[in-house]
Structures are given as structure tokens and as C-alpha cells.
Amino acid sequence: MSTPITITRHQGLEALELVAPDGARATLLLHGAHLLSWVPAGADEQLYLSPKSAFATGQAVRGGVPVIFPQFAARGPLQRHGFARGKPWQLVSAEAGKDDALAVLRLNDDGATRMVWPHEFEAEISIRIAGRVLEMELACENRGATPMSFTAALHTYLRLTQYISASLQGLSGLAFWDSASDRAATQHEDLLRLDGEMDRIYQDLKHDLTLRDGDRRLRISQQGFSDAVVWNPGQAKGDALADMPEGGWKQMLCVEAAQVLRPIELPPGESWAGMQTLELT
Ligand SMILES: O=P(O)(O)OC[C@H]1O[C@H](O)[C@H](O)[C@@H](O)[C@@H]1O
């Protein structure tokens, strides 16, 4: 037995309010296929959403989970982080099942995307919540006649109670590109302690990550994506962001499942999928 979930409005934009039978909740905008909120069963909000974020067609939301496709950051000729986060996605299905709630949204190429990126594609986002678990999957099929290359990320903003005392475990031994200082390095510490600006692309993740924030433990795992981006703007850059309140940077950490350092190469007719799973343990 499953119950359809109908489109409502959130901040003036079309949205889906997912509620699982166990009480887990999530809010997903059709604009950008942007997840705004995730509240696991019996717990508090896990995602950071800036109170100064814009909610308007064509603009990026600051917080939640922006979908980055088909270009990460400024690593190519397209607009920063690609066009997917500013596009309206189509509802494929949304329903509450016996023990979960699941929504699937789709984005296809159109005249505007082909002007800047000459490819025919079908991208899908699937969001599933159950109990204390959130599963997010981004899939893409090359529907054109020529090979396609892209980078992508699920740009998850995690809410923190206190940035300075939080840490991230599971990155030890990994090579990373430090985008803040433009240099390559290797992580030796088991616990990444958060301290000021952080903007790193870790390559070839080997283990699940654990966010430690007070007593809270959030397990972060990924499949299909080989990189993870860890980003916090720090005080100077954070306070300079027009859509972030002063001090907002202390309440967030982005841990992004990403494919950046080796772009995905898709021959005609082929598909790729990447997933990020969060579990409040
Ligand atoms: O401000 P945005 O375009 O949303 O980008 C926010 C951030 O995204 C990623 O995490 C990049 O690694 C950062 O360099 C960037 O600042």
C-alpha cells in the first residue's frame, strides 16, 4: 500500500513534503531538485539552510542539498556549479510506502541547456527517507549520439551545533586538492578538526565518514561518486556571502559526494549513478 504525495508550495516554490510512516520527514523543491530539510524519525533537523537564502526561479538556494551538474565549481566553461540547480525538475513519482517515503524527479536537456552544453541527457534524482536514514541518488543517461563528459556533486550542507568543536572521521591516508590554497596534499590525521576556512576535494574515498558534533554521530557513505568535497567558507568568506547571515558559517559543514577530479565519461546510450547516504546513528 502506498499513498501518493502531492505537490505543495514552500517559500513560493513547488515542493514535496515527504513523510514516512515512522515520522521521518523531508522537504524537496522541484526547483533544482533541491532537498531543503531532513528530519530523521525522533530526531532534529540535520541539514543547514541559510535564513537569508533566496527562493526564486533561476537562483541557487544556500543550504540543503544543491544538485551540482554537469560542472563542479568553475572547472569548465559553464556557469558556476552547472545549470541543474537553477532549473525546474519534473515530478516522476512521490509516495509514502509501508516503511519509507520516496520521490523521483527528472531533468532533460532543452533548448537552453543545449545552447551551453550540446548534449541530450536525462538526469534523475531519487530521495528516500526511512527511520534515521536518508538516501540520495543522482543518475544520468546519455541520450545523444556523441560521448558526454561531466562532473557532479550532491552538495550536502550539514547543520552543526558548533563548527569549531566538530570533526570528520574517515579521511585518513587520502590525497586531496586544497582549493583554498591551490595545492595538493595528503591527510594524515584520522580526525579532521574544523578550524576556519576549509575547501578540499578528497580523492578515491575508501571508508564511510562520520561527522562528530557533540554527542551526535552522522554516518556518511557514498557509492558511484569517487571524491568527497569538504567545504566551509570560514569567517571572512562566510560573512561576505550575501545569502548567509553573519556567523552562519559556524553552523554548517558541507560534505559533498562528488565526481570532480576524474570527470564521468559516458558513451551514447550509457548511464551513470552516484549515491550519498546519511544515517544518524
Ligand atoms: O557559492 P556556491 O557557488 O554555492 O559554491 C559554494 C562552494 O561549493 C563547493 O563546496 C566549492 O568547493 C567551494 O569552493 C564553493 O565556495
# chains A, B, ... in the order shown; residues from 1 in each chain; ligands from 1
call {"tool": "closest_atom_pairs", "arguments": {"of": "chain A", "to": "ligand 1", "cutoff": "9 Å", "atoms": "only C-alpha atoms and all ligand atoms", "output": "tab-separated table"}}
result
residue	atom	partner	partner_atom_place_in_ligand_line	distance
A:Ala60	CA	ligand 1	4 (O)	7.0
A:Val61	CA	ligand 1	4 (O)	7.9
A:Arg62	CA	ligand 1	4 (O)	6.6
A:Gly63	CA	ligand 1	4 (O)	8.5
A:Pro66	CA	ligand 1	4 (O)	7.9
A:Phe72	CA	ligand 1	9 (C)	7.7
A:Ala73	CA	ligand 1	11 (C)	5.9
A:Ala74	CA	ligand 1	14 (O)	8.7
A:Arg80	CA	ligand 1	3 (O)	5.9
A:His81	CA	ligand 1	3 (O)	6.2
A:His155	CA	ligand 1	10 (O)	6.8
A:Ser179	CA	ligand 1	14 (O)	6.6
A:Ala180	CA	ligand 1	14 (O)	7.4
A:Met198	CA	ligand 1	12 (O)	8.8
A:Asp199	CA	ligand 1	12 (O)	5.4
A:Arg200	CA	ligand 1	12 (O)	6.6
A:Ile201	CA	ligand 1	12 (O)	7.2
A:Val229	CA	ligand 1	10 (O)	6.2
A:Val230	CA	ligand 1	10 (O)	6.6
A:Trp231	CA	ligand 1	10 (O)	4.8
A:Asn232	CA	ligand 1	10 (O)	7.4
A:Pro233	CA	ligand 1	16 (O)	6.7
A:Lys237	CA	ligand 1	16 (O)	8.8
A:Leu241	CA	ligand 1	1 (O)	7.8
A:Cys254	CA	ligand 1	10 (O)	6.6
A:Val255	CA	ligand 1	10 (O)	8.2
A:Glu256	CA	ligand 1	10 (O)	7.3
call {"tool": "residues_around", "arguments": {"residues": "Tyr163 (chain A)", "least_positions_apart": "5", "cutoff": "12 Å", "atoms": "only C-alpha atoms", "output": "PyMOL selection string"}}
result
chain A and resi 158+168+192-198+211-214+231-235+247-254
call {"tool": "residues_around", "arguments": {"residues": "Thr6 (chain A)", "least_positions_apart": "3", "cutoff": "12 Å", "atoms": "only C-alpha atoms", "output": "mmCIF file with C-alpha atoms, in the first residue's frame"}}
result
data_model
loop_
_atom_site.group_PDB
_atom_site.id
_atom_site.type_symbol
_atom_site.label_atom_id
_atom_site.label_comp_id
_atom_site.auth_asym_id
_atom_site.auth_seq_id
_atom_site.Cartn_x
_atom_site.Cartn_y
_atom_site.Cartn_z
ATOM 1 C CA THR A 3 -0.017 6.894 -0.633
ATOM 2 C CA ARG A 9 4.373 25.189 -2.038
ATOM 3 C CA GLU A 14 6.705 23.966 -5.847
ATOM 4 C CA ALA A 15 7.717 21.407 -3.240
ATOM 5 C CA LEU A 16 7.114 17.896 -1.941
ATOM 6 C CA GLU A 17 6.711 17.281 1.779
ATOM 7 C CA LEU A 18 7.830 13.689 2.308
ATOM 8 C CA VAL A 19 6.623 11.991 5.482
ATOM 9 C CA LEU A 28 12.200 18.691 -1.609
ATOM 10 C CA LEU A 30 11.164 20.851 -7.732
ATOM 11 C CA LEU A 91 7.961 15.144 -10.854
ATOM 12 C CA VAL A 92 8.185 11.451 -11.836
ATOM 13 C CA SER A 93 6.734 9.919 -8.651
ATOM 14 C CA ALA A 94 6.337 10.658 -4.954
ATOM 15 C CA GLU A 95 4.743 8.361 -2.437
ATOM 16 C CA ALA A 96 4.746 7.245 1.170
ATOM 17 C CA ALA A 103 10.375 10.914 -4.527
#
call {"tool": "closest_atom_pairs", "arguments": {"of": "region 38-105 of chain A", "to": "region 112-126 of chain A", "cutoff": "7 Å", "atoms": "only C-alpha atoms", "output": "Markdown table"}}
result
| residue | atom | partner | partner_atom | distance |
| --- | --- | --- | --- | --- |
| A:Leu78 | CA | A:Val116 | CA | 6.9 |
| A:Ala103 | CA | A:Ser126 | CA | 5.7 |
| A:Val104 | CA | A:Ser126 | CA | 4.4 |
| A:Leu105 | CA | A:Ile125 | CA | 5.3 |
call {"tool": "write_last_selection", "arguments": {"atoms": "N, CA and C atoms", "output": "mmCIF file, in the first residue's frame"}}
result
data_model
loop_
_atom_site.group_PDB
_atom_site.id
_atom_site.type_symbol
_atom_site.label_atom_id
_atom_site.label_comp_id
_atom_site.auth_asym_id
_atom_site.auth_seq_id
_atom_site.Cartn_x
_atom_site.Cartn_y
_atom_site.Cartn_z
ATOM 1 N N LEU A 78 30.923 26.367 -18.197
ATOM 2 C CA LEU A 78 29.532 26.643 -17.824
ATOM 3 C C LEU A 78 29.448 27.571 -16.615
ATOM 4 N N ALA A 103 10.732 10.003 -3.434
ATOM 5 C CA ALA A 103 10.375 10.914 -4.527
ATOM 6 C C ALA A 103 11.425 10.803 -5.620
ATOM 7 N N VAL A 104 10.968 10.877 -6.855
ATOM 8 C CA VAL A 104 11.878 10.842 -8.008
ATOM 9 C C VAL A 104 11.565 12.039 -8.899
ATOM 10 N N LEU A 105 12.598 12.827 -9.215
ATOM 11 C CA LEU A 105 12.462 13.991 -10.094
ATOM 12 C C LEU A 105 13.381 13.816 -11.295
#
call {"tool": "residues_around", "arguments": {"residues": "Gly170 (chain A)", "least_positions_apart": "4", "cutoff": "12 Å", "atoms": "only C-alpha atoms", "output": "JSON, numbers by chain"}}
result
{"A": [174, 187, 188, 189, 190, 191, 192, 193, 202, 204, 205, 206, 207, 208, 209, 210, 211, 212, 219, 220, 221, 228]}
call {"tool": "select_by_dssp", "arguments": {"residues": "region 28-191 of chain A", "states": "helix (DSSP H, G or I)", "output": "count of residues only"}}
result
12
call {"tool": "decode", "arguments": {"residues": "region 27-40 of chain A", "atoms": "N, CA and C atoms", "output": "short mmCIF file (atom, residue, chain, number, x, y, z; two decimals), in the first residue's frame"}}
result
data_model
loop_
_atom_site.label_atom_id
_atom_site.label_comp_id
_atom_site.auth_asym_id
_atom_site.auth_seq_id
_atom_site.Cartn_x
_atom_site.Cartn_y
_atom_site.Cartn_z
N THR A 27 11.81 17.86 2.96
CA THR A 27 11.19 18.81 2.04
C THR A 27 12.06 18.93 0.81
N LEU A 28 11.46 18.71 -0.35
CA LEU A 28 12.20 18.69 -1.61
C LEU A 28 11.57 19.69 -2.57
N LEU A 29 12.37 20.64 -3.06
CA LEU A 29 11.86 21.59 -4.07
C LEU A 29 11.96 20.96 -5.45
N LEU A 30 11.01 21.28 -6.34
CA LEU A 30 11.16 20.85 -7.73
C LEU A 30 12.22 21.73 -8.41
N HIS A 31 12.32 22.98 -7.96
CA HIS A 31 13.36 23.91 -8.41
C HIS A 31 14.72 23.34 -8.01
N GLY A 32 15.50 22.91 -9.00
CA GLY A 32 16.83 22.38 -8.71
C GLY A 32 16.86 20.99 -8.12
N ALA A 33 15.69 20.35 -7.95
CA ALA A 33 15.60 19.06 -7.21
C ALA A 33 16.34 19.21 -5.89
N HIS A 34 16.07 20.33 -5.24
CA HIS A 34 16.84 20.78 -4.09
C HIS A 34 16.20 20.29 -2.78
N LEU A 35 16.90 19.43 -2.06
CA LEU A 35 16.41 18.99 -0.75
C LEU A 35 16.69 20.10 0.26
N LEU A 36 15.66 20.55 0.97
CA LEU A 36 15.83 21.67 1.91
C LEU A 36 15.97 21.21 3.34
N SER A 37 15.32 20.09 3.65
CA SER A 37 15.22 19.70 5.05
C SER A 37 15.17 18.18 5.15
N TRP A 38 15.82 17.66 6.18
CA TRP A 38 15.71 16.23 6.50
C TRP A 38 15.67 16.09 8.02
N VAL A 39 14.56 15.57 8.51
CA VAL A 39 14.38 15.35 9.94
C VAL A 39 14.16 13.85 10.14
N PRO A 40 15.19 13.12 10.62
CA PRO A 40 15.02 11.68 10.83
C PRO A 40 13.96 11.40 11.91
#
